[in-house]
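Asks: You'll find final-v9.cif just under this line, and it carries mmCIF, C-alpha atoms.
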data_upload
loop_
_atom_site.label_atom_id
_atom_site.label_comp_id
_atom_site.auth_asym_id
_atom_site.auth_seq_id
_atom_site.Cartn_x
_atom_site.Cartn_y
_atom_site.Cartn_z
CA MET T 1 -60.92 -85.42 -107.16
CA PRO T 2 -59.85 -81.83 -108.02
CA ILE T 3 -61.83 -79.08 -106.50
CA MET T 4 -63.25 -76.67 -109.00
CA CYS T 5 -63.75 -73.03 -107.98
CA SER T 6 -65.81 -70.62 -109.94
CA SER T 7 -65.04 -66.98 -110.65
CA ASN T 8 -68.09 -65.92 -108.72
CA ILE T 9 -66.49 -67.12 -105.51
CA LEU T 10 -63.00 -65.58 -106.19
CA GLY T 11 -64.31 -62.14 -107.13
CA PRO T 12 -65.32 -61.04 -103.61
CA VAL T 13 -62.07 -62.42 -102.16
CA VAL T 14 -59.90 -60.40 -104.57
CA LYS T 15 -61.85 -57.24 -103.81
CA ILE T 16 -61.35 -57.73 -100.07
CA ASN T 17 -57.57 -58.18 -100.53
CA LEU T 18 -57.29 -54.97 -102.57
CA ARG T 19 -59.15 -53.02 -99.90
CA VAL T 20 -56.79 -54.38 -97.18
CA ARG T 21 -53.71 -53.44 -99.20
CA ARG T 22 -55.00 -49.92 -99.76
CA GLY T 23 -55.58 -49.54 -96.04
CA VAL T 24 -52.08 -50.73 -95.20
CA VAL T 25 -50.55 -48.26 -97.67
CA ALA T 26 -52.61 -45.42 -96.23
CA VAL T 27 -51.50 -46.25 -92.68
CA ALA T 28 -47.86 -46.46 -93.83
CA VAL T 29 -48.08 -43.05 -95.49
CA LEU T 30 -49.53 -41.56 -92.30
CA LEU T 31 -46.73 -43.10 -90.19
CA LEU T 32 -43.87 -42.06 -92.52
CA SER T 33 -45.02 -38.49 -93.25
CA PRO T 34 -43.32 -37.00 -90.12
CA LEU T 35 -40.05 -38.66 -91.08
CA VAL T 36 -40.31 -37.29 -94.63
CA PHE T 37 -40.91 -33.78 -93.25
CA MET T 38 -37.90 -34.04 -90.92
CA GLY T 39 -35.77 -35.22 -93.80
CA GLN T 40 -36.54 -32.02 -95.70
CA THR T 41 -35.05 -29.82 -92.90
CA GLN T 42 -31.31 -28.99 -93.00
CA LEU T 43 -29.91 -30.79 -90.00
CA PRO T 44 -26.17 -30.59 -89.26
CA PRO T 45 -24.33 -33.73 -90.25
CA LEU T 46 -23.00 -35.94 -87.54
CA VAL T 47 -19.20 -35.77 -87.41
CA PRO T 48 -17.32 -38.75 -86.05
CA LEU T 49 -15.04 -38.09 -83.06
CA ALA T 50 -12.01 -38.93 -85.16
CA GLN T 51 -12.93 -36.14 -87.58
CA GLY T 52 -14.25 -33.68 -85.05
CA GLY T 53 -11.13 -31.46 -85.16
CA GLY T 54 -12.28 -29.67 -88.26
CA ALA T 55 -15.66 -28.84 -86.81
CA VAL T 56 -14.10 -27.55 -83.55
CA THR T 57 -11.55 -25.50 -85.47
CA GLY T 58 -14.27 -23.84 -87.49
CA LYS T 59 -16.10 -22.82 -84.32
CA LEU T 60 -12.91 -21.37 -82.85
CA GLU T 61 -12.26 -19.38 -86.02
CA ALA T 62 -15.82 -18.07 -86.03
CA GLY T 63 -15.43 -17.15 -82.37
CA ALA T 64 -12.19 -15.35 -83.14
CA GLY T 65 -13.90 -13.32 -85.82
CA ALA T 66 -16.66 -12.37 -83.42
CA ALA T 67 -14.12 -11.45 -80.77
CA SER T 68 -12.21 -9.24 -83.18
CA SER T 69 -15.28 -7.12 -83.68
CA VAL T 70 -15.42 -6.32 -79.95
CA VAL T 71 -13.93 -2.95 -79.01
CA ASN T 72 -10.53 -3.31 -77.34
CA VAL T 73 -10.75 -2.05 -73.75
CA GLY T 74 -7.09 -2.66 -72.90
CA GLY T 75 -5.94 -4.09 -69.62
CA LEU T 76 -4.84 -3.13 -66.14
CA THR T 77 -1.22 -2.03 -65.92
CA ASP T 78 1.30 -1.68 -63.13
CA GLU T 79 3.51 0.43 -65.37
CA PRO T 80 3.18 4.24 -65.50
CA ILE T 81 0.78 5.70 -68.05
CA PHE T 82 2.60 7.68 -70.73
CA PRO T 83 1.50 10.38 -73.18
CA GLY T 84 0.17 8.94 -76.41
CA GLU T 85 -1.38 5.88 -74.80
CA THR T 86 -5.12 5.23 -75.01
CA VAL T 87 -6.90 4.80 -71.68
CA HIS T 88 -10.36 3.35 -71.16
CA ILE T 89 -12.26 4.80 -68.18
CA THR T 90 -15.35 2.91 -67.02
CA VAL T 91 -17.57 4.31 -64.26
CA PHE T 92 -20.19 1.83 -63.09
CA ASN T 93 -23.76 2.99 -63.82
CA ALA T 94 -22.45 6.32 -65.17
CA PRO T 95 -22.06 6.04 -68.96
CA ASP T 96 -21.56 9.83 -69.30
CA PHE T 97 -18.22 9.52 -67.49
CA SER T 98 -17.15 6.30 -69.20
CA ILE T 99 -14.84 7.38 -72.01
CA ASN T 100 -11.94 6.29 -74.16
CA ALA T 101 -9.27 8.97 -74.49
CA GLN T 102 -5.70 9.38 -75.63
CA VAL T 103 -3.30 10.87 -73.12
CA SER T 104 -2.08 14.26 -74.34
CA GLU T 105 1.55 15.33 -74.56
CA ASN T 106 1.10 17.02 -71.18
CA GLY T 107 -0.18 13.77 -69.69
CA ASP T 108 -3.84 14.81 -69.38
CA ILE T 109 -7.15 13.30 -70.45
CA PRO T 110 -10.47 15.19 -70.76
CA LEU T 111 -13.21 13.97 -68.43
CA PRO T 112 -16.74 15.37 -68.90
CA ILE T 113 -17.62 18.14 -66.40
CA VAL T 114 -14.43 17.43 -64.42
CA GLY T 115 -12.09 18.78 -67.10
CA ALA T 116 -8.45 17.85 -67.65
CA VAL T 117 -7.14 15.15 -65.35
CA HIS T 118 -3.41 14.40 -65.21
CA LEU T 119 -2.86 10.62 -65.47
CA ALA T 120 0.70 10.44 -66.80
CA GLY T 121 3.00 8.69 -64.37
CA LEU T 122 0.18 6.80 -62.62
CA ASN T 123 -0.65 3.14 -63.03
CA SER T 124 -4.20 1.78 -63.27
CA ALA T 125 -4.74 1.71 -59.50
CA GLY T 126 -3.43 5.25 -59.03
CA ALA T 127 -5.57 6.60 -61.88
CA GLU T 128 -8.67 4.89 -60.48
CA LYS T 129 -8.04 6.44 -57.06
CA LEU T 130 -7.53 9.92 -58.53
CA LEU T 131 -10.67 9.79 -60.69
CA THR T 132 -12.75 8.46 -57.80
CA SER T 133 -11.72 11.37 -55.60
CA GLN T 134 -12.43 13.86 -58.41
CA LEU T 135 -15.96 12.57 -58.94
CA LYS T 136 -16.62 12.57 -55.17
CA ASN T 137 -15.20 16.03 -54.50
CA LEU T 138 -17.37 17.57 -57.22
CA ASN T 139 -20.47 15.71 -55.90
CA LEU T 140 -21.02 14.20 -59.31
CA ILE T 141 -21.36 10.62 -58.09
CA LYS T 142 -21.95 9.62 -54.49
CA ASP T 143 -20.01 6.35 -54.50
CA PRO T 144 -18.21 5.99 -57.85
CA HIS T 145 -16.67 2.70 -58.93
CA VAL T 146 -13.98 3.48 -61.50
CA THR T 147 -11.89 1.15 -63.64
CA VAL T 148 -8.97 2.40 -65.73
CA THR T 149 -7.37 0.20 -68.37
CA VAL T 150 -4.64 1.00 -70.88
CA ASP T 151 -4.59 -0.05 -74.52
CA SER T 152 -1.01 -1.21 -75.04
CA LEU T 153 -1.63 -1.63 -78.78
CA SER T 154 -2.45 2.04 -79.34
CA THR T 155 1.23 3.06 -79.43
CA GLY T 156 3.92 0.85 -80.91
CA ILE T 157 7.62 0.54 -80.10
CA THR T 158 10.06 1.14 -82.95
CA VAL T 159 13.09 -1.15 -83.19
CA LEU T 160 15.82 -0.06 -85.62
CA GLY T 161 19.48 -0.64 -86.37
CA GLU T 162 21.38 -3.91 -86.26
CA VAL T 163 18.40 -6.29 -85.94
CA ARG T 164 17.24 -8.82 -88.50
CA ASP T 165 13.66 -7.55 -88.79
CA PRO T 166 13.38 -3.84 -87.89
CA GLY T 167 9.95 -2.31 -87.60
CA ILE T 168 7.19 -1.14 -85.25
CA TYR T 169 6.16 -3.73 -82.67
CA GLN T 170 3.18 -3.87 -80.33
CA PRO T 171 4.04 -6.64 -77.86
CA PRO T 172 1.40 -7.50 -75.29
CA GLY T 173 2.05 -7.28 -71.59
CA LYS T 174 5.21 -5.92 -70.04
CA HIS T 175 7.75 -4.62 -72.55
CA LEU T 176 11.32 -5.73 -71.87
CA LEU T 177 14.34 -4.83 -73.98
CA SER T 178 15.36 -8.45 -74.51
CA ASP T 179 11.82 -9.42 -75.58
CA LEU T 180 11.68 -6.63 -78.16
CA ILE T 181 15.03 -7.62 -79.67
CA ALA T 182 13.87 -11.23 -79.85
CA ALA T 183 10.64 -10.12 -81.55
CA ALA T 184 12.75 -8.22 -84.10
CA GLY T 185 14.55 -11.43 -85.07
CA GLY T 186 17.61 -10.96 -82.91
CA MET T 187 20.79 -9.03 -83.61
CA THR T 188 23.05 -9.12 -86.63
CA ALA T 189 26.72 -10.05 -86.64
CA ASN T 190 27.65 -6.37 -86.80
CA THR T 191 25.95 -5.48 -83.53
CA GLY T 192 27.79 -3.08 -81.27
CA ARG T 193 27.74 -2.78 -77.53
CA VAL T 194 25.44 0.24 -77.16
CA ILE T 195 21.65 0.51 -77.58
CA GLU T 196 20.14 3.98 -77.82
CA ILE T 197 16.63 4.55 -76.45
CA SER T 198 14.73 7.74 -77.24
CA ASN T 199 11.14 9.01 -77.42
CA ASP T 200 9.09 12.11 -78.12
CA ARG T 201 8.33 12.60 -74.42
CA THR T 202 11.90 13.73 -73.77
CA PRO T 203 13.23 14.97 -77.12
CA GLY T 204 16.98 15.42 -77.32
CA LYS T 205 17.61 13.18 -74.29
CA GLU T 206 18.74 9.89 -75.76
CA MET T 207 19.76 7.20 -73.31
CA ASP T 208 22.68 4.90 -74.19
CA ILE T 209 22.37 1.44 -72.68
CA PRO T 210 25.45 -0.82 -72.50
CA TRP T 211 24.73 -4.14 -74.21
CA ASP T 212 26.81 -7.30 -74.39
CA PRO T 213 26.05 -9.22 -77.61
CA THR T 214 27.97 -12.21 -76.24
CA MET T 215 25.32 -12.47 -73.48
CA HIS T 216 27.90 -12.75 -70.72
CA ASN T 217 26.64 -9.59 -69.07
CA THR T 218 22.84 -9.42 -68.92
CA ASN T 219 22.33 -6.49 -66.54
CA ASN T 220 20.15 -4.54 -68.99
CA TYR T 221 18.24 -7.43 -70.54
CA ASN T 222 15.14 -6.82 -68.41
CA LEU T 223 15.10 -3.06 -68.89
CA PRO T 224 11.45 -1.93 -69.31
CA ILE T 225 10.58 -0.22 -72.61
CA HIS T 226 7.47 1.93 -72.86
CA PRO T 227 5.05 2.51 -75.76
CA GLY T 228 6.29 5.24 -78.03
CA ASP T 229 9.96 4.47 -77.37
CA ARG T 230 12.49 4.04 -80.17
CA VAL T 231 15.15 1.36 -79.73
CA LEU T 232 18.23 1.82 -81.91
CA VAL T 233 20.70 -1.06 -81.86
CA LYS T 234 23.93 0.60 -82.92
CA ALA T 235 26.45 -0.99 -85.21
CA CYS T 236 29.87 -2.04 -84.08
CA GLY T 237 32.55 0.66 -84.11
CA ILE T 238 35.51 0.64 -86.51
CA ALA T 239 39.12 1.69 -85.98
CA TYR T 240 41.61 2.34 -88.75
CA VAL T 241 45.18 1.01 -88.67
CA GLY T 242 47.83 2.24 -91.08
CA GLY T 243 51.54 2.73 -91.47
CA HIS T 244 54.13 0.01 -90.93
CA VAL T 245 51.80 -2.94 -90.22
CA ALA T 246 51.37 -6.20 -92.09
CA LYS T 247 47.69 -5.62 -93.05
CA PRO T 248 46.60 -1.98 -92.86
CA GLY T 249 42.85 -1.34 -93.02
CA ALA T 250 39.60 -0.85 -91.04
CA TYR T 251 38.98 -3.25 -88.15
CA SER T 252 35.83 -3.93 -86.14
CA LEU T 253 35.82 -3.31 -82.40
CA CYS T 254 33.10 -5.90 -81.67
CA GLY T 255 35.47 -8.50 -80.30
CA SER T 256 35.97 -6.86 -76.91
CA PRO T 257 34.20 -4.15 -74.89
CA THR T 258 37.60 -2.53 -74.25
CA MET T 259 39.70 -2.97 -77.38
CA THR T 260 43.26 -1.75 -76.75
CA LEU T 261 46.06 -0.45 -78.95
CA SER T 262 48.06 -3.67 -78.87
CA GLU T 263 44.96 -5.73 -79.76
CA VAL T 264 44.13 -3.58 -82.78
CA ILE T 265 47.72 -3.79 -84.06
CA SER T 266 47.65 -7.55 -83.56
CA MET T 267 44.50 -7.77 -85.73
CA ALA T 268 46.43 -5.85 -88.39
CA GLY T 269 49.10 -8.54 -88.44
CA GLY T 270 51.60 -6.79 -86.18
CA VAL T 271 54.23 -4.20 -87.03
CA SER T 272 56.54 -4.54 -90.01
CA ALA T 273 60.31 -4.33 -89.94
CA TYR T 274 62.10 -1.00 -89.59
CA THR T 275 59.37 0.53 -87.44
CA ALA T 276 59.82 3.43 -85.06
CA GLU T 277 57.83 1.77 -82.26
CA LYS T 278 58.43 4.69 -79.93
CA ARG T 279 56.44 6.93 -82.26
CA THR T 280 53.17 5.03 -82.63
CA VAL T 281 50.43 7.63 -83.02
CA LEU T 282 46.75 7.41 -81.97
CA ILE T 283 44.51 10.07 -83.57
CA ARG T 284 41.08 10.66 -82.00
CA THR T 285 38.18 12.86 -83.12
CA GLN T 286 36.67 14.93 -80.33
CA PRO T 287 32.93 15.69 -80.01
CA ASP T 288 33.47 19.18 -81.43
CA GLY T 289 35.12 17.73 -84.55
CA THR T 290 38.70 18.55 -83.67
CA LYS T 291 41.38 15.86 -83.78
CA THR T 292 43.99 15.12 -81.12
CA ALA T 293 47.13 13.05 -81.64
CA MET T 294 48.69 10.98 -78.85
CA GLN T 295 52.09 9.29 -79.16
CA PHE T 296 52.91 5.98 -77.48
CA ASP T 297 55.90 3.67 -77.18
CA LEU T 298 54.53 0.44 -78.60
CA HIS T 299 57.57 -1.54 -77.50
CA ARG T 300 57.12 -0.56 -73.85
CA ILE T 301 53.36 -1.29 -74.09
CA LEU T 302 54.01 -4.77 -75.43
CA MET T 303 56.59 -5.35 -72.69
CA GLY T 304 54.02 -4.34 -70.08
CA LYS T 305 55.99 -1.28 -68.96
CA GLU T 306 53.31 1.20 -70.04
CA ALA T 307 49.51 1.15 -69.89
CA ASP T 308 47.80 -0.17 -73.00
CA PRO T 309 45.46 2.65 -74.17
CA ARG T 310 41.90 1.90 -75.17
CA VAL T 311 40.93 2.35 -78.81
CA GLN T 312 37.55 3.95 -79.49
CA GLU T 313 35.28 4.11 -82.49
CA ASP T 314 36.74 5.99 -85.49
CA ASP T 315 40.23 6.15 -83.94
CA ILE T 316 43.19 6.11 -86.31
CA VAL T 317 46.32 4.15 -85.36
CA TYR T 318 49.44 4.94 -87.33
CA VAL T 319 52.65 2.98 -86.87
CA THR T 320 55.51 5.26 -87.97
CA PRO T 321 58.36 3.80 -90.02
CA SER T 322 61.96 4.45 -88.96
CA PRO T 323 64.10 6.08 -91.71
CA LEU T 324 67.26 5.48 -89.69
CA LYS T 325 66.56 1.77 -89.33
CA LEU T 326 65.68 1.54 -93.00
CA ALA T 327 68.83 3.40 -94.07
CA THR T 328 70.99 1.28 -91.79
CA SER T 329 69.44 -1.89 -93.14
CA GLN T 330 69.93 -0.78 -96.72
CA ALA T 331 73.56 0.15 -96.01
CA ILE T 332 74.23 -3.24 -94.47
CA ALA T 333 72.61 -4.98 -97.42
CA TYR T 334 74.68 -2.94 -99.85
CA ALA T 335 77.85 -3.72 -97.93
CA LEU T 336 77.08 -7.42 -98.02
CA THR T 337 76.62 -7.28 -101.76
CA LEU T 338 80.10 -5.73 -102.12
CA ALA T 339 81.78 -8.00 -99.62
CA GLY T 340 81.98 -10.96 -102.00
CA PRO T 341 83.82 -9.26 -104.91
CA LEU T 342 86.17 -7.42 -102.54
CA ILE T 343 87.21 -10.65 -100.83
CA TYR T 344 87.74 -12.31 -104.26
CA VAL T 345 89.95 -9.41 -105.56
CA TYR T 346 92.03 -8.91 -102.44
CA HIS T 347 95.08 -11.23 -102.15
CA PRO T 348 97.39 -10.48 -99.22
#
I'd like the structure from this file rewritten - as structure tokens, please.
Replies:
Amino acid sequence: MPIMCSSNILGPVVKINLRVRRGVVAVAVLLLSPLVFMGQTQLPPLVPLAQGGGAVTGKLEAGAGAASSVVNVGGLTDEPIFPGETVHITVFNAPDFSINAQVSENGDIPLPIVGAVHLAGLNSAGAEKLLTSQLKNLNLIKDPHVTVTVDSLSTGITVLGEVRDPGIYQPPGKHLLSDLIAAAGGMTANTGRVIEISNDRTPGKEMDIPWDPTMHNTNNYNLPIHPGDRVLVKACGIAYVGGHVAKPGAYSLCGSPTMTLSEVISMAGGVSAYTAEKRTVLIRTQPDGTKTAMQFDLHRILMGKEADPRVQEDDIVYVTPSPLKLATSQAIAYALTLAGPLIYVYHP
């Protein structure tokens, strides 16, 4: 038989179930509320290891920006300190004597109370020793601990002339001539064999450094260059060849460090016919602007019977024609033109 249930019995049961459900929902809300609160905070996203490069790169870039805002205190140097450089003097527990100063043209820096102190020509260790003794002798500090660093970026090095990218360079660390030329993009095809180095410390005293662009001789490659120096890579010299040669014109002297007279004439295609080889002239401009003419016997030079003179920049080589040879040649040619008709007319 089917069991019949009345609504009076089901009513209390339904009410009990609703109360249980409400209690469960309330407990769930209490348990999930901390998670909902945490979800509202801005937590950094988790980056997989395979994609972590971008996050690391961003931190490095931010670190670089922070580092760039730090004042540059330079570095210790074994090279002499020069006028124009910025030195950073740090005295431990004595901020009044810790200064940043630019070395004057006389090589001095101003130190409070002490006065002018000559640092030019000293390296970091020598400057530290000098300043320590100054502070002790004046009874300013009982046991001073001094550190002297040099800002190599305060004064640049100018590179000009026959380089691909001339400009002002501030290379870190030790400055070598070869490193500066490499930083300037290397030399051009018109590079000569002399590099001039000058600076404001010794005005009017330029120093010419022999340089081999073929890199066979590297004696001066590691020459130290100091901040404030100017490096001028000179162009290759030119000599002028004229007169009785196959191709007169201006010729570069880059091919050899000691270009000679016979080599220059060979570049000009050699001498032409009817040349007075004994009267080959070399004209040279002297430092005072005057010109001197020297005469050579090209035939004896080519035969190895005379020394082959060296040709310098802006020299003029003139191969003199021979009027006698030309007249003789023309007379012979004229005689040959008449020989045919004379032989045809003459009948013995």
Asks: Show which residues sit within 10 Å of Thr132 of chain T, as number ranges by chain. Count all atoms listed in the file, and ignore same-chain residues fewer than 5 positions away.
Replies: T: 91, 126-127, 137, 141-147
Asks: Extract, using only C-alpha atoms, all DNA, RNA and protein residues at most 12 Å from Leu138 of chain T, discarding same-chain residues fewer than 6 positions from it, and format them as a list in words.
Replies: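 Final neighbour list, sorted by chain and number: Pro112, Ile113, Val114, Gly115, Leu131, Thr132 and Pro144 of chain T.
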Asks: Applying 8 Å and all atoms listed in the file, which residues near Cys254 of chain T remain after dropping the ones on its own chain fewer than 3 positions away? List them as JSON, numbers by chain.
Replies: {"T": [190, 191, 192, 193, 236, 237, 257]}
Asks: For those residues, write C-alpha atoms to a file as a compact mmCIF listing (two decimals), keeping the file's coordinate frame.
Replies:
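Resulting contents of result.txt:
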# COMPACT_ATOMS: atom_id res chain seq x y z
CA ASN T 190 27.65 -6.37 -86.80
CA THR T 191 25.95 -5.48 -83.53
CA GLY T 192 27.79 -3.08 -81.27
CA ARG T 193 27.74 -2.78 -77.53
CA CYS T 236 29.87 -2.04 -84.08
CA GLY T 237 32.55 0.66 -84.11
CA PRO T 257 34.20 -4.15 -74.89
Asks: Calculate how many Å separate atom CA of Lys234 of chain T from atom CA of Ile197 of chain T, rounding to one decimal.
Replies: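 Spanning atom CA of Lys234 of chain T to atom CA of Ile197 of chain T is a straight-line distance of 10.5 Å.
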Asks: I want to know what sits within 6 Å of Thr158 of chain T, based on only C-alpha atoms, with residues of the same chain fewer than 2 positions away left out; could you give that as an MDAnalysis selection string?
Replies: chainID T and resid 167:168 230
Asks: Just C-alpha atoms for this one: save the residues we selected as a CSV table (one decimal), in the frame of the given file.
Replies:
chain,number,residue,atom,x,y,z
T,167,GLY,CA,10.0,-2.3,-87.6
T,168,ILE,CA,7.2,-1.1,-85.2
T,230,ARG,CA,12.5,4.0,-80.2
Asks: Given the PyMOL selection byres ((chain T and resi 117) around 12) and the file above, list the residues it selects as a list in words.
Replies: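 Selected by the PyMOL selection byres ((chain T and resi 117) around 12) here: Ile89, Ala101, Gln102, Val103, Ser104, Asn106, Gly107, Asp108, Ile109, Pro110, Leu111, Pro112, Ile113, Val114, Gly115, Ala116, His118, Leu119, Ala120, Leu122, Ala127, Glu128, Leu130, Leu131, Thr132, Ser133, Gln134 and Leu135 of chain T.
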Asks: Atom CA of Ala268 of chain T to atom CA of Gly289 of chain T: how many Å, to one decimal?
Replies: 26.4 Å
Asks: Taking only C-alpha atoms into account, name the residue in T:Asn219, T:Thr292, T:Thr320, T:Thr214 that is nearest to Thr280 of chain T.
Replies: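 Answer, going by the shortest atom-to-atom distance: T:Thr320.
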Asks: Just want the 10 Å neighbourhood of Ile157 of chain T, counted on all atoms listed in the file, with same-chain residues fewer than 2 positions away dropped. Output as a PyMOL selection string.
Replies: chain T and resi 153+155+159-160+167-171+175+180+199+225-231
